[in-house]
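Structure first, commentary second.
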Amino acid sequence: MGKQNKNLNKIIFDKQNLKHAKQYNITPHLFNDLTREDLNNLYRSNPWITEIFRSSTTVNIARERLFQFLNRRERFLLLPECDLSPLEVDIALSCIRTLKNIISPLYEEISDFSALNVLYDIFDGKIDSNVKAGFIHEFIHLFKGISGKSGVYNTELNSKTNFDDMTPREVSLLRSKELDKFSETIKNYISIYKSGLEEELIKLRVKSKEKILKYFKATEEDWLDYRWHLKNVITKLDTLEDLIKLDSDERIAIKLANKYNIPFGITPYYLSLMDLNGRTEHDYSIRSQVIPTLGVVKRLSERWNERFSAFDFMKEAYTSPIDLITRRYPQIVILKPVSTCSQICTYCQRNWEINSVFDKNAIASKVKIREAICWIKENECIEEVLITGGDPFILSDNRLEELLSQLSKIDHIKRIRIGTRMIVTLPYRITDNLVRILDKYHIFGRREIAIVSHFEHVSEVTPDVVKAVKKIRKAGISIYNQEVFTFANSRRFESVALRKLLKICGIDPYYIFNTKGKEETKDYMVPIARLLQERKEEARLVPGLDRTDEPVFNVPGLGKNYLKSFQDHKVVMILSDGSRVYEFHPWEKNIKNTDVYYYKDVPIFDYLMRLKHLRNEDIEAYKTIWYYY
């Protein structure tokens, strides 16, 4: 890619120090370097397993003896004389099941890697330079879990309070105090995350708005007109630097995105949500959604010319029976009348389809749309249409109404879903006329119009957003949220804060997506184990109506895998850098025999080090993450 890209490689990979990591939001390799302490902890983690490795003369002997040990251990854990608590037994059984997968020849062949060989060498004192701390930490926790010493539970079962001598009321009061502690924990965490409805942020953003209006020589009336924002979407580095202070990594990333024609854009409204004086904690998640990292720009630029084949992670080309249509499920299809947005999300699954932000040429022709709708009309199996893209609210009111009118004439269409992020990025688009159009085709008992939005953080929920939501809800139309779980919003109870705020604003949490496993956007990715941990240890503590969303992983070409269904996925290998390899089962499981999907996740250890060094998180609070498989 020329001299500029060589410099970028140097920026990312040569400067391995903490100062650089904080400045550029990149995890240097030294965070995952192996230490003597790591090795000693591995040797001490399970004396039985250590003895097996050290006394076995070959890898295959070690494998056979490990299987024998794991079978004996499994049987013991299921005997009445086992003295472990039932919950510790459950962890141990889960660890045994996972280790059996990892040391099996089947998954070694599928993964083209043998963790068993690496472990055998490590216990023999031979350390491969490719082996990272993340690999060792995975097995330290696996081995501890098998021994019944996971460290998840700080008290033994028999140390619990004896309720025999207490009245029901006394027990109830004691239990209530216990629940108060849980509630206080939730409140303390949530208080960290400032919402856009708090007075402090409202005042700061009013000042930002005034600066932006002054720069564009615009009026308050202009600000309330979504068309003005679309005309003034900020796509160039020079314009952005006139308005906001950028850190050096942000500046370089945007400069390179402009150079290689990688779509980049921010609406003036969304820019006003940022701190114009420089990146701060309260706008970290805002910036991360529109300002790409250096790593992302590097990976995109390397293959941008072949993006239509290289970056189609969800294999939409293989699920598109006709132009503008994607179909993965029996009764619903995706209709994409437009392939651009008012601004570009850095981790978007369809960024490869977008040429530029708010590109008017990205709107499909009326002929193409008519052909797609005719296809839907002829297929009476289809009962629901999700209009997305791109963002369909980019369309004019007339074009949008024409689209809804045509779909509404199809008798077998019972629901029209509209996927849009403009409620978040440009709430002024929700005009009275737009709501009137939506209401016209929303007929109770016959056809539903539903809105699916995409809020990532409480800081995005502003008074203007609340006004827009209120307009839609007063028309009787439901709004659902699909959150993408990224590094920028994955801290403890950060999603809980969002769920609770959205619900009281009239938006129902619907899906929480594991970040797409796209290599080019791995800077945003979070280990699957973290989302499982969030679902069990954070979302589970709040009322049921606040946690109506499903945690899902999108399987390329197949569809959604519901992560809470443990029987639909499993860990089958740990790679030398600590990456887990998952086997995902399709939604058709137990209905139709079809392919499974293997996925390499980001290492848990790397993720925890990023939290510690880039977000100043106490990673002890995440210690149970290792036991979510």
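Letters for chains follow the order of the structure tokens (A, B, ...), residue numbers begin at 1 for each chain, and ligand numbers begin at 1 in the order shown.
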
Distance query Thr388 (chain A) at most 6 Å, only C-alpha atoms, self and fewer than 3 positions along chain excluded, as number ranges by chain: A: 336, 391-392, 419

Written selection (N, CA and C atoms) as a compact mmCIF listing (two decimals), in the first residue's frame:
```txt
# COMPACT_ATOMS: atom_id res chain seq x y z
N LYS A 336 -33.11 -4.39 1.37
CA LYS A 336 -32.12 -3.32 1.50
C LYS A 336 -32.27 -2.31 0.35
N ASP A 391 -29.40 2.69 6.06
CA ASP A 391 -30.46 3.18 6.93
C ASP A 391 -31.62 3.68 6.08
N PRO A 392 -32.78 3.00 6.13
CA PRO A 392 -33.91 3.40 5.29
C PRO A 392 -34.46 4.78 5.60
N GLY A 419 -35.16 -1.06 10.34
CA GLY A 419 -33.93 -0.95 11.10
C GLY A 419 -33.27 0.39 10.85
```

Under the rule of at most 10 Å, produce a per-residue listing of region 100-119 of chain A near region 134-151 of chain A: chain, number, name, the closest pair of atoms, and the distance in Å, as JSON lines, using only C-alpha atoms.
```
{"residue": "A:Ala115", "atom": "CA", "partner": "A:Phe135", "partner_atom": "CA", "distance": 8.8}
{"residue": "A:Val118", "atom": "CA", "partner": "A:Phe135", "partner_atom": "CA", "distance": 9.7}
{"residue": "A:Leu119", "atom": "CA", "partner": "A:Ile136", "partner_atom": "CA", "distance": 8.9}
```

Exercise: Phe444 (chain A) partners within 12 Å, only C-alpha atoms, chain neighbours under 4 positions left out, as a VMD selection string: chain A and resid 414 to 415 439 to 440 448 to 450 475 to 477

Selected residues, C-alpha atoms, written as a CSV table (one decimal), in the first residue's frame, please.
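What follows is the written file part_30.csv:
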```
chain,number,residue,atom,x,y,z
A,414,LYS,CA,-48.0,-9.2,8.8
A,415,ARG,CA,-45.1,-7.1,10.1
A,439,ASP,CA,-49.0,5.2,11.6
A,440,LYS,CA,-50.9,5.0,8.3
A,448,GLU,CA,-47.5,-4.1,12.6
A,449,ILE,CA,-44.9,-1.5,11.8
A,450,ALA,CA,-42.0,-1.8,14.2
A,475,ALA,CA,-48.6,6.4,17.5
A,476,GLY,CA,-48.7,3.0,19.2
A,477,ILE,CA,-45.6,1.8,17.4
```

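Of all the residues in region 516-620 of chain A, the ones DSSP labels as alpha helix (DSSP H) from the backbone are Ile528, Ala529, Arg530, Leu531, Leu532, Gln533, Glu534, Arg535, Lys536, Glu537, Ile604, Phe605, Asp606, Tyr607, Leu608, Met609, Arg610, Leu611, Lys612, His613 and Leu614 of chain A.
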
Selection near Leu531 (chain A), 8 Å with only C-alpha atoms, sequence-local residues under 3 positions removed, as a PyMOL selection string: chain A and resi 485+514+526-528+534-535+551

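Shell of Tyr226 (chain A) at 8 Å, with only C-alpha atoms counted and residues fewer than 4 places along the chain excluded, is A:Leu230, A:Leu426, A:Pro427, A:Tyr428, A:Arg429.
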
Gap from CA of Thr326 (chain A) to CA of Thr425 (chain A) - Å, one decimal: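 CA of Thr425 (chain A) lies at a distance of 25.3 Å from CA of Thr326 (chain A).
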
Distance criterion (only C-alpha atoms): nearest to Glu537 (chain A) out of A:Lys126, A:Lys623, A:Lys214, A:Arg65: A:Lys623

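If you measure from each of A:Ile212, A:Ile262, A:Ala253, A:Val596 to Met274 (chain A) using only C-alpha atoms, the closest one turns out to be A:Ile212.
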
Point-to-point distance from CA of Ile451 (chain A) to CA of Thr420 (chain A), Å rounded to tenths: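 Answer for the CA of Ile451 (chain A) to CA of Thr420 (chain A) separation: 7.3 Å.
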
Set the distance at 9 Å and use only C-alpha atoms: which residues neighbour region 357-371 of chain A once local chain neighbours fewer than 5 positions away are removed? I'd like the list as a PDB file with N, CA, C and O atoms, in the first residue's frame.
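Contents of selection.pdb, as written:
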```
ATOM      1  N   LEU A 230     -27.853  16.335   7.279  1.00  0.00           N
ATOM      2  CA  LEU A 230     -27.416  15.438   6.202  1.00  0.00           C
ATOM      3  C   LEU A 230     -26.549  16.176   5.185  1.00  0.00           C
ATOM      4  O   LEU A 230     -25.605  15.604   4.631  1.00  0.00           O
ATOM      5  N   LYS A 231     -26.860  17.422   4.934  1.00  0.00           N
ATOM      6  CA  LYS A 231     -26.058  18.212   3.995  1.00  0.00           C
ATOM      7  C   LYS A 231     -24.677  18.536   4.567  1.00  0.00           C
ATOM      8  O   LYS A 231     -23.738  18.812   3.815  1.00  0.00           O
ATOM      9  N   VAL A 233     -22.924  16.550   6.913  1.00  0.00           N
ATOM     10  CA  VAL A 233     -22.221  15.424   7.540  1.00  0.00           C
ATOM     11  C   VAL A 233     -20.717  15.653   7.390  1.00  0.00           C
ATOM     12  O   VAL A 233     -20.222  15.994   6.305  1.00  0.00           O
ATOM     13  N   THR A 235     -17.128  14.596   6.918  1.00  0.00           N
ATOM     14  CA  THR A 235     -16.430  13.441   6.352  1.00  0.00           C
ATOM     15  C   THR A 235     -14.924  13.648   6.240  1.00  0.00           C
ATOM     16  O   THR A 235     -14.192  12.690   6.004  1.00  0.00           O
ATOM     17  N   PRO A 263     -15.237   4.628   4.052  1.00  0.00           N
ATOM     18  CA  PRO A 263     -16.324   5.533   4.455  1.00  0.00           C
ATOM     19  C   PRO A 263     -16.197   5.994   5.901  1.00  0.00           C
ATOM     20  O   PRO A 263     -15.969   5.191   6.800  1.00  0.00           O
ATOM     21  N   PHE A 264     -16.326   7.295   6.078  1.00  0.00           N
ATOM     22  CA  PHE A 264     -16.242   7.913   7.396  1.00  0.00           C
ATOM     23  C   PHE A 264     -17.164   9.120   7.402  1.00  0.00           C
ATOM     24  O   PHE A 264     -17.196   9.888   6.442  1.00  0.00           O
ATOM     25  N   GLY A 265     -17.940   9.283   8.462  1.00  0.00           N
ATOM     26  CA  GLY A 265     -18.815  10.443   8.547  1.00  0.00           C
ATOM     27  C   GLY A 265     -19.490  10.551   9.899  1.00  0.00           C
ATOM     28  O   GLY A 265     -19.786   9.543  10.534  1.00  0.00           O
ATOM     29  N   ILE A 266     -19.696  11.798  10.331  1.00  0.00           N
ATOM     30  CA  ILE A 266     -20.363  12.078  11.611  1.00  0.00           C
ATOM     31  C   ILE A 266     -21.377  13.187  11.381  1.00  0.00           C
ATOM     32  O   ILE A 266     -21.060  14.220  10.787  1.00  0.00           O
ATOM     33  N   ILE A 322     -32.217 -12.767  -4.726  1.00  0.00           N
ATOM     34  CA  ILE A 322     -32.460 -11.716  -5.719  1.00  0.00           C
ATOM     35  C   ILE A 322     -31.836 -10.437  -5.165  1.00  0.00           C
ATOM     36  O   ILE A 322     -31.658 -10.286  -3.948  1.00  0.00           O
ATOM     37  N   ASP A 323     -31.467  -9.515  -6.027  1.00  0.00           N
ATOM     38  CA  ASP A 323     -30.868  -8.257  -5.572  1.00  0.00           C
ATOM     39  C   ASP A 323     -31.741  -7.571  -4.519  1.00  0.00           C
ATOM     40  O   ASP A 323     -32.978  -7.557  -4.629  1.00  0.00           O
ATOM     41  N   LEU A 324     -31.085  -7.022  -3.508  1.00  0.00           N
ATOM     42  CA  LEU A 324     -31.688  -6.266  -2.403  1.00  0.00           C
ATOM     43  C   LEU A 324     -32.317  -7.155  -1.335  1.00  0.00           C
ATOM     44  O   LEU A 324     -32.776  -6.655  -0.299  1.00  0.00           O
ATOM     45  N   LEU A 335     -34.869  -6.612   3.353  1.00  0.00           N
ATOM     46  CA  LEU A 335     -34.955  -5.799   2.135  1.00  0.00           C
ATOM     47  C   LEU A 335     -34.048  -4.590   2.320  1.00  0.00           C
ATOM     48  O   LEU A 335     -34.188  -3.841   3.288  1.00  0.00           O
ATOM     49  N   LYS A 336     -33.108  -4.392   1.368  1.00  0.00           N
ATOM     50  CA  LYS A 336     -32.117  -3.320   1.495  1.00  0.00           C
ATOM     51  C   LYS A 336     -32.273  -2.307   0.350  1.00  0.00           C
ATOM     52  O   LYS A 336     -31.587  -2.408  -0.674  1.00  0.00           O
ATOM     53  N   PRO A 337     -33.146  -1.324   0.522  1.00  0.00           N
ATOM     54  CA  PRO A 337     -33.363  -0.340  -0.550  1.00  0.00           C
ATOM     55  C   PRO A 337     -32.284   0.727  -0.622  1.00  0.00           C
ATOM     56  O   PRO A 337     -32.240   1.514  -1.563  1.00  0.00           O
ATOM     57  N   VAL A 338     -31.405   0.771   0.382  1.00  0.00           N
ATOM     58  CA  VAL A 338     -30.373   1.809   0.423  1.00  0.00           C
ATOM     59  C   VAL A 338     -29.130   1.232   1.097  1.00  0.00           C
ATOM     60  O   VAL A 338     -29.236   0.446   2.052  1.00  0.00           O
ATOM     61  N   SER A 339     -27.948   1.581   0.587  1.00  0.00           N
ATOM     62  CA  SER A 339     -26.707   1.036   1.151  1.00  0.00           C
ATOM     63  C   SER A 339     -25.792   2.149   1.647  1.00  0.00           C
ATOM     64  O   SER A 339     -24.594   2.185   1.352  1.00  0.00           O
ATOM     65  N   THR A 340     -26.364   3.069   2.401  1.00  0.00           N
ATOM     66  CA  THR A 340     -25.574   4.101   3.059  1.00  0.00           C
ATOM     67  C   THR A 340     -26.332   4.574   4.299  1.00  0.00           C
ATOM     68  O   THR A 340     -27.489   4.217   4.500  1.00  0.00           O
ATOM     69  N   CYS A 341     -25.659   5.358   5.124  1.00  0.00           N
ATOM     70  CA  CYS A 341     -26.246   5.838   6.380  1.00  0.00           C
ATOM     71  C   CYS A 341     -25.909   7.313   6.571  1.00  0.00           C
ATOM     72  O   CYS A 341     -25.107   7.888   5.833  1.00  0.00           O
ATOM     73  N   SER A 342     -26.515   7.889   7.597  1.00  0.00           N
ATOM     74  CA  SER A 342     -26.211   9.291   7.904  1.00  0.00           C
ATOM     75  C   SER A 342     -24.829   9.407   8.537  1.00  0.00           C
ATOM     76  O   SER A 342     -24.212  10.472   8.510  1.00  0.00           O
ATOM     77  N   GLN A 343     -24.349   8.334   9.143  1.00  0.00           N
ATOM     78  CA  GLN A 343     -22.963   8.253   9.581  1.00  0.00           C
ATOM     79  C   GLN A 343     -22.597   6.774   9.664  1.00  0.00           C
ATOM     80  O   GLN A 343     -23.465   5.910   9.673  1.00  0.00           O
ATOM     81  N   ILE A 344     -21.309   6.478   9.691  1.00  0.00           N
ATOM     82  CA  ILE A 344     -20.846   5.108   9.567  1.00  0.00           C
ATOM     83  C   ILE A 344     -20.380   4.573  10.920  1.00  0.00           C
ATOM     84  O   ILE A 344     -19.503   5.166  11.568  1.00  0.00           O
ATOM     85  N   ILE A 376     -41.043 -10.915  -3.100  1.00  0.00           N
ATOM     86  CA  ILE A 376     -41.677 -11.135  -1.790  1.00  0.00           C
ATOM     87  C   ILE A 376     -43.150 -11.487  -1.976  1.00  0.00           C
ATOM     88  O   ILE A 376     -43.680 -12.394  -1.320  1.00  0.00           O
ATOM     89  N   GLY A 390     -27.404  -0.228   5.124  1.00  0.00           N
ATOM     90  CA  GLY A 390     -27.867   1.134   5.150  1.00  0.00           C
ATOM     91  C   GLY A 390     -29.030   1.424   6.089  1.00  0.00           C
ATOM     92  O   GLY A 390     -29.506   0.599   6.814  1.00  0.00           O
ATOM     93  N   ILE A 394     -32.828   7.322   5.640  1.00  0.00           N
ATOM     94  CA  ILE A 394     -32.133   8.224   4.715  1.00  0.00           C
ATOM     95  C   ILE A 394     -33.085   8.638   3.588  1.00  0.00           C
ATOM     96  O   ILE A 394     -33.003   9.735   3.034  1.00  0.00           O
ATOM     97  N   LEU A 395     -34.003   7.735   3.253  1.00  0.00           N
ATOM     98  CA  LEU A 395     -34.945   7.995   2.160  1.00  0.00           C
ATOM     99  C   LEU A 395     -35.848   9.180   2.489  1.00  0.00           C
ATOM    100  O   LEU A 395     -36.152   9.441   3.656  1.00  0.00           O
ATOM    101  N   LEU A 403     -42.552   2.825  -0.550  1.00  0.00           N
ATOM    102  CA  LEU A 403     -42.063   1.494  -0.190  1.00  0.00           C
ATOM    103  C   LEU A 403     -43.039   0.791   0.754  1.00  0.00           C
ATOM    104  O   LEU A 403     -43.412  -0.374   0.548  1.00  0.00           O
ATOM    105  N   GLN A 406     -46.295  -0.268  -1.050  1.00  0.00           N
ATOM    106  CA  GLN A 406     -46.191  -1.468  -1.878  1.00  0.00           C
ATOM    107  C   GLN A 406     -46.164  -2.737  -1.024  1.00  0.00           C
ATOM    108  O   GLN A 406     -46.825  -3.734  -1.344  1.00  0.00           O
TER     109      GLN A 406
END
```
